[in-house]
$ cat structure-v9.txt   # compact mmCIF, C-alpha atoms
# COMPACT_ATOMS: atom_id res chain seq x y z
CA MET A 223 46.47 -229.48 32.19
CA LYS A 224 45.11 -226.92 34.62
CA VAL A 225 47.20 -228.50 37.44
CA VAL A 226 50.40 -228.40 35.36
CA ARG A 227 49.77 -224.76 34.53
CA LEU A 228 49.28 -223.99 38.21
CA MET A 229 52.54 -225.74 39.20
CA PHE A 230 54.67 -223.98 36.65
CA ARG A 231 53.22 -220.55 36.73
CA LYS A 232 55.43 -217.73 38.01
CA PRO A 233 55.48 -217.35 41.80
CA ARG A 234 53.63 -214.29 43.06
CA TRP A 235 55.19 -212.17 45.86
CA SER A 236 51.83 -211.94 47.61
CA THR A 237 51.79 -215.73 48.16
CA MET A 238 55.54 -216.41 48.51
CA LEU A 239 56.41 -213.66 51.02
CA PRO A 240 54.34 -214.96 53.98
CA LEU A 241 55.58 -218.49 53.24
CA ALA A 242 59.24 -217.35 53.21
CA LEU A 243 58.76 -215.38 56.43
CA GLY A 244 57.18 -218.42 58.11
CA VAL A 245 60.04 -220.75 57.09
CA GLY A 246 62.59 -218.14 58.16
CA LEU A 247 60.95 -217.80 61.57
CA VAL A 248 60.94 -221.55 62.17
CA VAL A 249 64.62 -221.89 61.14
CA SER A 250 65.59 -218.88 63.26
CA LEU A 251 63.80 -220.30 66.33
CA ALA A 252 65.47 -223.67 65.85
CA MET A 253 68.92 -222.04 65.60
CA THR A 254 68.54 -219.77 68.64
CA ARG A 255 66.99 -222.34 70.99
CA GLN A 256 69.32 -223.32 73.85
CA PRO A 257 70.25 -227.00 73.84
CA SER A 258 68.74 -228.80 76.81
CA TYR A 259 68.45 -232.36 78.02
CA GLU A 260 65.10 -232.77 76.24
CA ASP A 261 66.90 -232.35 72.92
CA SER A 262 68.46 -235.77 73.17
CA GLN A 263 65.01 -237.34 73.21
CA LEU A 264 64.15 -235.55 69.98
CA ARG A 265 67.36 -235.93 68.06
CA GLN A 266 68.79 -239.26 69.14
CA ILE A 267 70.13 -241.32 66.30
CA ALA A 268 71.30 -244.88 66.91
CA PRO A 269 75.06 -245.18 66.25
CA PRO A 270 76.83 -248.42 65.34
CA ALA A 271 77.11 -250.72 68.37
CA ARG A 272 80.46 -250.58 70.21
CA SER A 273 81.86 -252.72 72.99
CA ARG A 274 81.75 -251.58 76.62
CA GLY A 275 85.53 -251.27 76.59
CA ASP A 276 85.38 -248.89 73.61
CA VAL A 277 82.72 -246.79 75.31
CA ALA A 278 84.85 -246.61 78.49
CA VAL A 279 87.87 -245.46 76.46
CA MET A 280 85.74 -242.83 74.70
CA VAL A 281 84.33 -241.52 78.02
CA ASP A 282 87.82 -241.41 79.53
CA SER A 283 89.20 -239.50 76.55
CA LEU A 284 86.34 -236.95 76.69
CA SER A 285 86.98 -236.54 80.42
CA GLN A 286 90.70 -235.92 79.74
CA LYS A 287 89.79 -233.39 77.05
CA TRP A 288 87.57 -231.53 79.54
CA MET A 289 90.24 -231.60 82.25
CA GLU A 290 93.07 -230.37 80.03
CA GLN A 291 91.33 -227.01 79.73
CA PHE A 292 91.78 -226.32 83.46
CA GLU A 293 95.37 -227.07 84.29
CA SER A 294 96.24 -223.59 85.47
CA GLN A 295 97.02 -222.76 89.09
CA ASP A 296 93.85 -220.66 89.41
CA TRP A 297 90.68 -221.71 91.17
CA LEU A 298 88.47 -224.11 89.23
CA PHE A 299 84.88 -222.85 89.06
CA PHE A 300 82.13 -225.34 88.45
CA SER A 301 78.37 -224.75 88.26
CA TYR A 302 75.28 -226.70 87.29
CA LYS A 303 71.55 -226.95 87.90
CA ASP A 304 69.97 -229.86 89.68
CA GLU A 305 66.40 -231.20 89.81
CA ILE A 306 65.20 -233.94 92.14
CA THR A 307 61.74 -235.34 91.53
CA GLY A 308 59.33 -236.32 94.28
CA PRO A 309 59.27 -235.19 97.92
CA VAL A 310 62.74 -234.46 99.31
CA GLY A 311 61.89 -233.79 102.95
CA ASN A 312 63.06 -231.03 105.30
CA ASN A 313 66.48 -229.70 106.19
CA PRO A 314 67.36 -231.28 109.55
CA GLU A 315 69.22 -228.10 110.61
CA THR A 316 66.51 -225.56 109.85
CA GLY A 317 63.34 -227.64 109.50
CA GLN A 318 62.67 -225.82 106.21
CA PRO A 319 61.70 -227.78 103.05
CA LEU A 320 64.64 -228.88 100.91
CA ALA A 321 64.99 -227.76 97.31
CA ASN A 322 63.71 -229.80 94.37
CA GLU A 323 65.45 -227.40 91.97
CA ALA A 324 68.81 -225.88 92.80
CA PHE A 325 71.72 -223.97 91.29
CA TRP A 326 75.18 -225.09 92.43
CA GLU A 327 78.34 -222.97 92.27
CA LEU A 328 81.60 -224.56 93.42
CA TRP A 329 85.14 -223.18 93.61
CA TYR A 330 87.99 -225.68 93.94
CA GLU A 331 91.55 -224.87 94.99
CA LEU A 332 93.56 -227.87 93.81
CA ASP A 333 97.11 -228.96 94.58
CA GLU A 334 99.58 -230.11 91.90
CA SER A 335 98.20 -233.65 92.02
CA GLY A 336 94.67 -232.38 91.41
CA ASN A 337 93.50 -233.01 94.98
CA ALA A 338 91.19 -230.44 96.53
CA VAL A 339 92.82 -228.26 99.18
CA THR A 340 89.84 -225.94 99.62
CA VAL A 341 86.28 -226.16 98.31
CA LEU A 342 83.73 -223.34 98.47
CA VAL A 343 80.08 -224.07 97.69
CA ARG A 344 77.15 -221.74 97.02
CA HIS A 345 73.78 -223.46 96.75
CA THR A 346 70.68 -221.53 95.64
CA ASP A 347 67.22 -223.00 96.15
CA LEU A 348 65.58 -221.98 92.85
CA GLU A 349 62.06 -222.32 94.25
CA ARG A 350 62.52 -220.15 97.36
CA GLY A 351 65.66 -218.17 96.52
CA THR A 352 67.42 -219.15 99.75
CA VAL A 353 71.20 -219.50 99.66
CA THR A 354 73.41 -221.94 101.61
CA ARG A 355 77.17 -221.41 101.61
CA VAL A 356 79.79 -223.96 102.61
CA ALA A 357 83.54 -223.64 103.04
CA TRP A 358 85.67 -226.79 103.33
CA HIS A 359 89.33 -226.97 104.30
CA ALA A 360 91.48 -229.40 106.37
CA GLU A 361 88.69 -232.01 106.58
CA THR A 362 86.40 -229.46 108.23
CA LEU A 363 83.40 -227.66 106.82
CA LEU A 364 81.62 -224.51 107.89
CA ARG A 365 78.04 -224.03 106.75
CA GLU A 366 76.11 -220.74 106.62
CA PRO A 367 73.54 -219.54 107.60
CA SER A 368 73.30 -222.31 110.23
CA GLY A 369 76.91 -221.67 111.38
CA THR A 370 77.44 -225.44 111.70
CA MET A 371 81.05 -226.55 111.79
CA GLU A 372 81.77 -230.25 111.25
CA SER A 373 84.99 -232.24 111.16
CA GLY A 374 85.80 -235.52 109.47
CA HIS A 375 84.71 -234.68 105.92
CA ASP A 376 87.27 -235.98 103.48
CA TRP A 377 86.67 -234.31 100.12
CA ALA A 378 90.32 -234.03 99.13
CA GLY A 379 90.26 -236.79 96.53
CA ASN A 380 87.09 -235.50 94.93
CA HIS A 381 87.98 -233.84 91.65
CA PRO A 382 84.93 -232.18 90.05
CA ILE A 383 85.78 -233.34 86.53
CA LYS A 384 87.91 -236.46 86.92
CA ASP A 385 85.60 -237.94 89.56
CA HIS A 386 82.34 -236.77 87.99
CA PHE A 387 79.72 -239.52 88.19
CA CYS A 388 79.35 -239.47 84.39
CA ASN A 389 82.94 -240.72 84.14
CA LYS A 390 82.70 -243.17 87.02
CA SER A 391 79.43 -244.74 85.91
CA VAL A 392 81.02 -246.11 82.74
CA LEU A 393 84.52 -246.78 84.06
CA GLU A 394 83.33 -248.66 87.14
CA LEU A 395 80.82 -250.81 85.36
CA ARG A 396 79.56 -254.04 86.78
CA PRO A 397 79.86 -256.98 84.40
CA SER A 398 76.07 -257.26 84.25
CA ALA A 399 75.55 -253.61 83.27
CA THR A 400 74.72 -252.63 79.72
CA VAL A 401 75.76 -249.47 77.87
CA LYS A 402 73.92 -247.79 75.04
CA GLU A 403 75.30 -244.95 72.95
CA SER A 404 73.68 -242.29 70.84
CA TRP A 405 74.46 -238.77 69.69
CA TRP A 406 72.73 -235.53 68.85
CA ILE A 407 73.70 -232.28 67.17
CA ASP A 408 72.84 -228.94 68.74
CA GLY A 409 71.73 -225.75 67.00
CA ASP A 410 75.38 -224.69 66.51
CA GLY A 411 76.22 -227.94 64.73
CA VAL A 412 78.21 -229.31 67.69
CA SER A 413 78.01 -233.06 68.19
CA HIS A 414 77.10 -234.47 71.63
CA ARG A 415 77.69 -238.04 72.74
CA VAL A 416 75.12 -239.73 74.99
CA THR A 417 75.90 -242.81 77.10
CA GLN A 418 73.18 -244.69 78.90
CA VAL A 419 74.28 -247.17 81.56
CA ARG A 420 71.66 -249.60 82.76
CA ALA A 421 72.56 -251.73 85.77
CA GLY A 422 70.39 -254.42 87.31
CA HIS A 423 70.46 -254.88 91.06
CA SER A 424 71.78 -258.07 92.56
CA SER A 425 68.47 -258.33 94.40
CA ILE A 426 65.20 -256.44 94.26
CA THR A 427 65.55 -253.22 96.25
CA THR A 428 62.68 -251.64 98.13
CA ALA A 429 63.07 -247.87 98.26
CA ASP A 430 60.89 -244.81 98.75
CA ILE A 431 61.79 -242.62 95.77
CA THR A 432 58.37 -241.21 95.06
CA GLY A 433 57.21 -240.91 98.66
CA LYS A 434 55.97 -244.48 98.93
CA GLU A 435 57.91 -247.72 99.13
CA GLN A 436 58.20 -249.58 95.86
CA GLU A 437 60.35 -252.37 94.44
CA TYR A 438 63.12 -251.48 91.97
CA ILE A 439 65.16 -253.89 89.90
CA GLY A 440 67.74 -251.55 88.39
CA THR A 441 69.06 -248.08 87.57
CA GLU A 442 69.64 -246.09 84.41
CA LEU A 443 72.17 -243.25 84.29
CA THR A 444 72.22 -241.10 81.14
CA CYS A 445 75.05 -238.66 80.44
CA SER A 446 75.45 -236.33 77.48
CA ARG A 447 78.82 -234.73 76.62
CA ASN A 448 79.99 -232.14 74.16
CA GLU A 449 82.34 -234.00 71.81
CA SER A 450 84.50 -230.99 70.98
CA THR A 451 85.17 -229.91 74.61
CA GLY A 452 84.46 -233.15 76.50
CA ALA A 453 82.18 -231.20 78.89
CA VAL A 454 79.13 -232.85 80.43
CA ASP A 455 75.91 -231.18 79.19
CA TYR A 456 73.37 -233.00 81.29
CA SER A 457 72.71 -236.23 83.10
CA SER A 458 69.73 -238.05 84.48
CA LEU A 459 69.33 -240.85 86.96
CA ALA A 460 66.27 -243.08 86.71
CA PHE A 461 65.17 -246.11 88.69
CA LEU A 462 63.63 -249.12 87.03
CA PRO A 463 60.57 -250.54 88.78
CA SER A 464 59.71 -254.22 88.40
CA LEU A 465 56.75 -253.13 86.31
CA GLY A 466 56.32 -250.00 84.22
CA GLU A 467 58.47 -247.19 82.87
CA PRO A 468 61.73 -245.90 84.47
CA ILE A 469 61.14 -243.26 87.15
CA VAL A 470 63.45 -240.27 86.75
CA TYR A 471 64.85 -239.36 90.17
CA GLN A 472 67.37 -236.63 89.38
CA ARG A 473 68.55 -234.43 86.51
CA THR A 474 71.62 -232.19 86.33
CA TYR A 475 72.19 -229.77 83.47
CA GLU A 476 73.69 -226.44 82.31
CA TYR A 477 77.20 -227.35 83.41
CA VAL A 478 79.81 -224.60 83.35
CA ALA A 479 83.52 -225.09 84.16
CA ASP A 480 86.07 -222.28 84.13
CA SER A 481 89.34 -221.10 85.64
CA VAL A 482 88.98 -218.00 87.80
CA ALA A 483 91.56 -215.91 89.63
CA GLN A 484 89.58 -215.88 92.88
CA PRO A 485 86.09 -216.75 94.18
CA PRO A 486 83.72 -213.85 95.03
CA SER A 487 84.34 -211.95 98.27
CA GLU A 488 81.33 -213.46 100.12
CA MET A 489 82.89 -216.91 99.63
CA MET A 490 86.41 -215.75 100.58
CA ASP A 491 84.96 -214.18 103.75
CA LEU A 492 83.43 -217.54 104.68
CA LEU A 493 86.77 -219.26 104.06
CA ASP A 494 88.52 -216.66 106.26
CA GLU A 495 86.00 -217.38 109.01
CA LEU A 496 86.67 -221.13 108.74
CA LEU A 497 90.45 -220.59 108.83
CA ARG A 498 90.07 -218.29 111.86
CA ARG A 499 88.03 -220.93 113.74
CA LEU A 500 90.50 -223.66 112.79
CA SER A 501 93.41 -221.59 114.09
CA GLU A 502 91.64 -221.09 117.44
CA ARG A 503 91.39 -224.83 118.05
CA MET B 166 86.45 -301.07 105.09
CA ALA B 167 89.03 -298.74 103.57
CA GLU B 168 86.29 -297.12 101.50
CA ARG B 169 84.17 -296.47 104.61
CA LEU B 170 87.18 -294.91 106.36
CA ARG B 171 87.84 -292.68 103.37
CA PHE B 172 84.17 -291.64 103.36
CA ARG B 173 84.36 -290.80 107.10
CA SER B 174 87.48 -288.70 106.60
CA TYR B 175 85.79 -286.82 103.74
CA LEU B 176 82.77 -286.28 105.99
CA ALA B 177 84.99 -284.95 108.80
CA ILE B 178 86.77 -282.56 106.42
CA ALA B 179 83.43 -281.36 105.03
CA LEU B 180 82.15 -280.79 108.57
CA VAL B 181 85.25 -278.78 109.54
CA VAL B 182 84.96 -276.67 106.36
CA ALA B 183 81.25 -276.06 107.04
CA ILE B 184 81.94 -275.00 110.66
CA LEU B 185 84.76 -272.69 109.55
CA ALA B 186 82.56 -271.16 106.85
CA LEU B 187 79.69 -270.61 109.29
CA GLY B 188 82.03 -269.16 111.91
CA SER B 189 83.60 -266.79 109.43
CA HIS B 190 80.15 -265.74 108.19
CA LEU B 191 79.00 -265.00 111.75
CA LEU B 192 82.20 -263.09 112.48
CA THR B 193 81.80 -261.00 109.31
CA ALA B 194 78.16 -260.28 110.09
CA GLU B 195 79.05 -259.21 113.65
CA ALA B 196 82.05 -257.12 112.51
CA ALA B 197 79.73 -255.07 110.30
CA LEU B 198 77.85 -253.80 113.35
CA LEU B 199 79.13 -250.55 114.84
CA CYS B 200 77.96 -250.53 118.44
CA ASN B 201 77.91 -247.87 121.11
CA PRO B 202 79.22 -249.05 124.49
CA SER B 203 76.62 -251.02 126.41
CA PHE B 204 75.15 -249.52 129.58
CA PRO B 205 73.06 -250.74 132.51
CA PHE B 206 69.31 -250.22 132.57
CA ALA B 207 66.66 -251.91 134.75
CA GLY B 208 69.00 -254.70 135.83
CA ARG B 209 70.07 -255.39 132.26
CA TYR B 210 72.83 -254.33 129.89
CA VAL B 211 71.52 -252.72 126.74
CA GLN B 212 73.29 -251.56 123.57
CA SER B 213 72.47 -249.74 120.35
CA CYS B 214 74.24 -250.44 117.05
CA LYS B 215 74.33 -249.16 113.49
CA ASP B 216 74.96 -251.70 110.80
CA ASN B 217 77.64 -250.81 108.28
CA TYR B 218 76.03 -249.76 105.04
CA ASN B 219 75.59 -252.08 102.13
CA PHE B 220 76.22 -250.30 98.86
CA ASP B 221 74.62 -251.26 95.62
CA THR B 222 75.44 -249.35 92.43
CA SER B 223 72.66 -246.92 93.22
CA TYR B 224 71.37 -247.66 96.69
CA TRP B 225 72.72 -247.51 100.18
CA LYS B 226 71.16 -249.55 102.87
CA GLY B 227 71.51 -249.24 106.62
CA ARG B 228 70.24 -251.10 109.66
CA MET B 229 69.79 -249.99 113.25
CA VAL B 230 69.86 -252.60 115.95
CA THR B 231 68.63 -252.25 119.52
CA LYS B 232 69.83 -255.01 121.84
CA VAL B 233 69.56 -256.37 125.38
CA LEU B 234 72.90 -258.04 126.01
CA SER B 235 72.23 -259.63 129.41
CA GLY B 236 69.76 -259.73 132.29
CA GLY B 237 66.80 -261.25 130.46
CA ALA B 238 64.03 -259.97 128.26
CA ILE B 239 62.75 -256.40 128.42
CA ALA B 240 59.16 -255.15 128.24
CA LYS B 241 59.65 -252.87 125.22
CA LEU B 242 62.54 -251.86 123.06
CA GLY B 243 63.13 -250.37 119.63
CA TRP B 244 64.02 -247.18 117.86
CA ASN B 245 61.64 -244.33 118.46
CA TYR B 246 62.81 -242.13 115.61
CA TRP B 247 65.52 -242.05 113.03
CA SER B 248 66.34 -240.22 109.86
CA ASP B 249 68.81 -240.31 107.00
CA THR B 250 69.99 -237.20 105.24
CA ARG B 251 71.90 -237.15 101.97
CA TRP B 252 74.34 -234.24 101.78
CA CYS B 253 75.81 -233.05 98.50
CA ASN B 254 78.85 -230.80 98.99
CA GLY B 255 77.83 -230.14 102.57
CA VAL B 256 74.27 -229.08 101.65
CA ALA B 257 71.26 -231.21 102.63
CA VAL B 258 69.50 -232.39 99.47
CA PHE B 259 67.34 -235.28 100.62
CA GLN B 260 65.94 -236.46 103.91
CA TRP B 261 64.06 -239.63 104.78
CA THR B 262 62.32 -239.94 108.11
CA TRP B 263 60.65 -242.71 110.01
CA GLY B 264 58.26 -242.76 112.92
CA SER B 265 58.32 -244.94 115.99
CA SER B 266 58.82 -248.66 115.95
CA TYR B 267 58.85 -250.72 119.10
CA GLY B 268 59.71 -254.34 119.59
CA LEU B 269 57.21 -256.86 120.90
CA ASN B 270 56.94 -257.77 124.56
CA ALA B 271 59.66 -260.01 125.99
CA THR B 272 62.11 -259.38 123.18
CA ASN B 273 65.80 -258.61 123.40
CA TRP B 274 66.49 -257.43 119.87
CA ALA B 275 64.85 -255.07 117.34
CA SER B 276 66.00 -253.65 114.03
CA THR B 277 64.97 -251.71 110.98
CA SER B 278 66.68 -251.68 107.58
CA PRO B 279 65.42 -249.25 104.93
CA SER B 280 67.26 -248.46 101.70
CA HIS B 281 67.54 -245.23 99.71
CA PRO B 282 68.86 -244.06 96.35
CA LYS B 283 72.45 -242.80 96.47
CA GLY B 284 71.51 -240.22 93.85
CA THR B 285 74.13 -238.22 92.00
CA CYS B 286 76.25 -235.32 93.22
CA ALA B 287 78.94 -233.49 91.29
CA GLY B 288 81.24 -233.41 94.31
CA ALA B 289 81.12 -234.92 97.80
CA ASN B 290 78.09 -237.21 98.24
CA GLU B 291 77.57 -238.13 101.89
CA ALA B 292 74.90 -239.62 104.14
CA GLN B 293 74.21 -238.88 107.77
CA VAL B 294 72.16 -241.24 109.87
CA TYR B 295 70.56 -240.11 113.08
CA GLY B 296 68.47 -242.18 115.44
CA ILE B 297 67.34 -242.70 118.99
CA HIS B 298 67.12 -246.15 120.52
CA TYR B 299 64.61 -246.87 123.22
CA TRP B 300 64.25 -249.34 126.09
CA GLU B 301 61.32 -249.57 128.53
CA GLN B 302 60.83 -251.65 131.69
CA SER B 303 58.47 -251.35 134.67
CA GLY B 304 57.24 -247.87 133.78
CA SER B 305 60.69 -246.33 133.28
CA SER B 306 62.47 -245.84 129.98
CA THR B 307 65.81 -244.76 128.58
CA THR B 308 67.01 -243.58 125.17
CA GLU B 309 70.32 -243.22 123.38
CA PRO B 310 70.98 -241.03 120.32
CA TRP B 311 73.01 -242.24 117.34
CA SER B 312 74.63 -240.16 114.62
CA TYR B 313 76.81 -241.34 111.80
CA TRP B 314 78.43 -240.08 108.55
CA ARG B 315 79.18 -242.11 105.44
CA THR B 316 80.58 -241.23 102.02
CA LEU B 317 78.27 -242.60 99.33

$ encode --input "structure-v9.txt" --output "structure tokens"
Amino acid sequence: MKVVRLMFRKPRWSTMLPLALGVGLVVSLAMTRQPSYEDSQLRQIAPPARSRGDVAVMVDSLSQKWMEQFESQDWLFFSYKDEITGPVGNNPETGQPLANEAFWELWYELDESGNAVTVLVRHTDLERGTVTRVAWHAETLLREPSGTMESGHDWAGNHPIKDHFCNKSVLELRPSATVKESWWIDGDGVSHRVTQVRAGHSSITTADITGKEQEYIGTELTCSRNESTGAVDYSSLAFLPSLGEPIVYQRTYEYVADSVAQPPSEMMDLLDELLRRLSER
Amino acid sequence: MAERLRFRSYLAIALVVAILALGSHLLTAEAALLCNPSFPFAGRYVQSCKDNYNFDTSYWKGRMVTKVLSGGAIAKLGWNYWSDTRWCNGVAVFQWTWGSSYGLNATNWASTSPSHPKGTCAGANEAQVYGIHYWEQSGSSTTEPWSYWRTL
């Protein structure tokens, strides 16, 4: 009787107000939090199983949706963050340690067929703040600050969206590979589609991913895409050891793609320098 | 009698097929090697080669070969250093290095074949292989550098 009376008695502001504030704070934090690749681990829900062919069609259609947004004659700007786990070694040009975490900015000048005519790259080492800039044109690249100029690099057929590895991994599947699908919804209510391609190796491969040689029997590539825009959100590449859990080797995330009138002046200056050197040949 | 003849003809056909298959296999294996021109050293002709890469879905695998083509065995040979660098959009993102490795005495061939993850790159994913081959005989030695680009 006492319990019933307690349950049905009128709520008091002194007890309800802190409770309401607490709930409000939690909801507000959940809504404002930026979606990241960890979210998929938390919010994955198993969808109905679909055939590999259906998954390939879905990935292709999302890729088309992403591409259709950039069919103007402007430069295509593309940026993302990249994390490589384990020791990555030293830059052979400078002897300095290579970056485990980096921010990539790329500007593509494309012809009518979508082939790259010019590519400008700005790479920022997020641990040390050092910047490497690259200009590519006519199968030649110029790299700063080393000043290295190299010929024979054919990047023309490399479209940043069409040829993204998240599209290729599903479309160029080996018969033995398996595909898993899941989805998650971000704080804005947007649905994201996750594909996980697991491919076994034809033979056991010995590689030194973590700094020591180990045997690996397969690979797992995970890609998440925004279903309304088709854009890739994040991806991860993991290697499967003969025993134990997959070892994550690389993650890419925070993708941005946009049309811009022109790259920044520091990149155009580098391109001018490359064109000047090419004309002197 | 006729049965024995038929068996012999089958055997001959099988032998020819086996020889052709072996020959084609050897030719393919040899064609995969990309060799620098051979050059004379210590009364011998020596040569360094880079095997064409094998690509798995996620790995690339190379092999460096150090050879003595003619003139008999050599005291020491091998690769004394080589490295692979993975370049994403013209920027170095991963480098693997090895130390020295020398062949045994009286050998005429040495090789090494490591494998690495291809990784992912939103753009142009390339590998550069660099190495120095080494030959030693009667207190003198010679080396030859090797450099090579591949799209992953």

$ closest_atom_pairs --input "structure-v9.txt" --of "chain A" --to "chain B" --cutoff "7 Å" --atoms "all atoms listed in the file" --output "Markdown table"
| residue | atom | partner | partner_atom | distance |
| --- | --- | --- | --- | --- |
| A:Val310 | CA | B:Phe259 | CA | 4.9 |
| A:Gly311 | CA | B:Gln260 | CA | 4.9 |
| A:Asn312 | CA | B:Gln260 | CA | 6.3 |
| A:Asn313 | CA | B:Ala257 | CA | 6.1 |
| A:Leu320 | CA | B:Val258 | CA | 6.2 |
| A:Ala321 | CA | B:Val258 | CA | 6.8 |
| A:Val343 | CA | B:Asn254 | CA | 7.0 |
| A:Val356 | CA | B:Gly255 | CA | 6.5 |
| A:Trp377 | CA | B:Ala289 | CA | 6.0 |
| A:Asn380 | CA | B:Gly288 | CA | 6.2 |
| A:Pro382 | CA | B:Gly288 | CA | 5.8 |
| A:His386 | CA | B:Ala287 | CA | 5.8 |
| A:Phe387 | CA | B:Ala287 | CA | 6.8 |
| A:Thr428 | CA | B:Ser280 | CA | 6.6 |
| A:Ala429 | CA | B:His281 | CA | 5.4 |
| A:Asp430 | CA | B:His281 | CA | 6.7 |
| A:Thr441 | CA | B:Ser223 | CA | 6.8 |

$ write_last_selection --input "structure-v9.txt" --atoms "C-alpha atoms" --output "PDB file, in the frame of the given file"
ATOM      1  CA  VAL A 310      62.740-234.460  99.310  1.00  0.00           C
ATOM      2  CA  GLY A 311      61.890-233.790 102.950  1.00  0.00           C
ATOM      3  CA  ASN A 312      63.060-231.030 105.300  1.00  0.00           C
ATOM      4  CA  ASN A 313      66.480-229.700 106.190  1.00  0.00           C
ATOM      5  CA  LEU A 320      64.640-228.880 100.910  1.00  0.00           C
ATOM      6  CA  ALA A 321      64.990-227.760  97.310  1.00  0.00           C
ATOM      7  CA  VAL A 343      80.080-224.070  97.690  1.00  0.00           C
ATOM      8  CA  VAL A 356      79.790-223.960 102.610  1.00  0.00           C
ATOM      9  CA  TRP A 377      86.670-234.310 100.120  1.00  0.00           C
ATOM     10  CA  ASN A 380      87.090-235.500  94.930  1.00  0.00           C
ATOM     11  CA  PRO A 382      84.930-232.180  90.050  1.00  0.00           C
ATOM     12  CA  HIS A 386      82.340-236.770  87.990  1.00  0.00           C
ATOM     13  CA  PHE A 387      79.720-239.520  88.190  1.00  0.00           C
ATOM     14  CA  THR A 428      62.680-251.640  98.130  1.00  0.00           C
ATOM     15  CA  ALA A 429      63.070-247.870  98.260  1.00  0.00           C
ATOM     16  CA  ASP A 430      60.890-244.810  98.750  1.00  0.00           C
ATOM     17  CA  THR A 441      69.060-248.080  87.570  1.00  0.00           C
TER      18      THR A 441
END

$ residues_around --input "structure-v9.txt" --residues "Thr362 in chain A" --least-positions-apart "3" --cutoff "8 Å" --atoms "all atoms listed in the file" --output "ChimeraX atom specification"
/A:358-359,371-375

$ atom_distance --input "structure-v9.txt" --atom1 "CA of Val454 in chain A" --atom2 "CA of Lys384 in chain A"
11.5 Å

$ closest_residue --input "structure-v9.txt" --among "A:Glu334, A:Glu449, A:Gly369, A:Pro314" --to "Val294 in chain B" --atoms "only C-alpha atoms"
A:Pro314

$ residues_around --input "structure-v9.txt" --residues "Phe299 in chain A" --least-positions-apart "5" --cutoff "10 Å" --atoms "all atoms listed in the file" --output "mmCIF file with C-alpha atoms, in the coordinates of the input"
data_model
loop_
_atom_site.group_PDB
_atom_site.id
_atom_site.type_symbol
_atom_site.label_atom_id
_atom_site.label_comp_id
_atom_site.auth_asym_id
_atom_site.auth_seq_id
_atom_site.Cartn_x
_atom_site.Cartn_y
_atom_site.Cartn_z
ATOM 1 C CA PHE A 292 91.780 -226.320 83.460
ATOM 2 C CA GLU A 327 78.340 -222.970 92.270
ATOM 3 C CA LEU A 328 81.600 -224.560 93.420
ATOM 4 C CA TRP A 329 85.140 -223.180 93.610
ATOM 5 C CA TYR A 330 87.990 -225.680 93.940
ATOM 6 C CA GLU A 331 91.550 -224.870 94.990
ATOM 7 C CA VAL A 341 86.280 -226.160 98.310
ATOM 8 C CA LEU A 342 83.730 -223.340 98.470
ATOM 9 C CA VAL A 343 80.080 -224.070 97.690
ATOM 10 C CA PRO A 382 84.930 -232.180 90.050
ATOM 11 C CA VAL A 478 79.810 -224.600 83.350
ATOM 12 C CA ALA A 479 83.520 -225.090 84.160
ATOM 13 C CA ASP A 480 86.070 -222.280 84.130
ATOM 14 C CA SER A 481 89.340 -221.100 85.640
ATOM 15 C CA VAL A 482 88.980 -218.000 87.800
ATOM 16 C CA ALA A 483 91.560 -215.910 89.630
ATOM 17 C CA GLN A 484 89.580 -215.880 92.880
ATOM 18 C CA PRO A 485 86.090 -216.750 94.180
#

$ closest_residue --input "structure-v9.txt" --among "B:Ser312, B:Thr307, B:Arg228, B:Lys241" --to "Pro205 in chain B" --atoms "only C-alpha atoms"
B:Thr307

$ atom_distance --input "structure-v9.txt" --atom1 "CA of Gly308 in chain A" --atom2 "CA of Ile469 in chain A"
10.1 Å

$ atom_distance --input "structure-v9.txt" --atom1 "CA of Ser398 in chain A" --atom2 "CA of Ala421 in chain A"
6.7 Å

$ residues_around --input "structure-v9.txt" --residues "Ala207 in chain B" --least-positions-apart "2" --cutoff "12 Å" --atoms "only C-alpha atoms" --output "list in words"
Phe204, Pro205, Arg209, Tyr210, Val211, Val233, Ser235, Gly236, Gly237, Ala238, Ile239, Ala240, Lys241, Trp300, Glu301, Gln302, Ser303, Gly304, Ser305, Ser306 and Thr307 of chain B
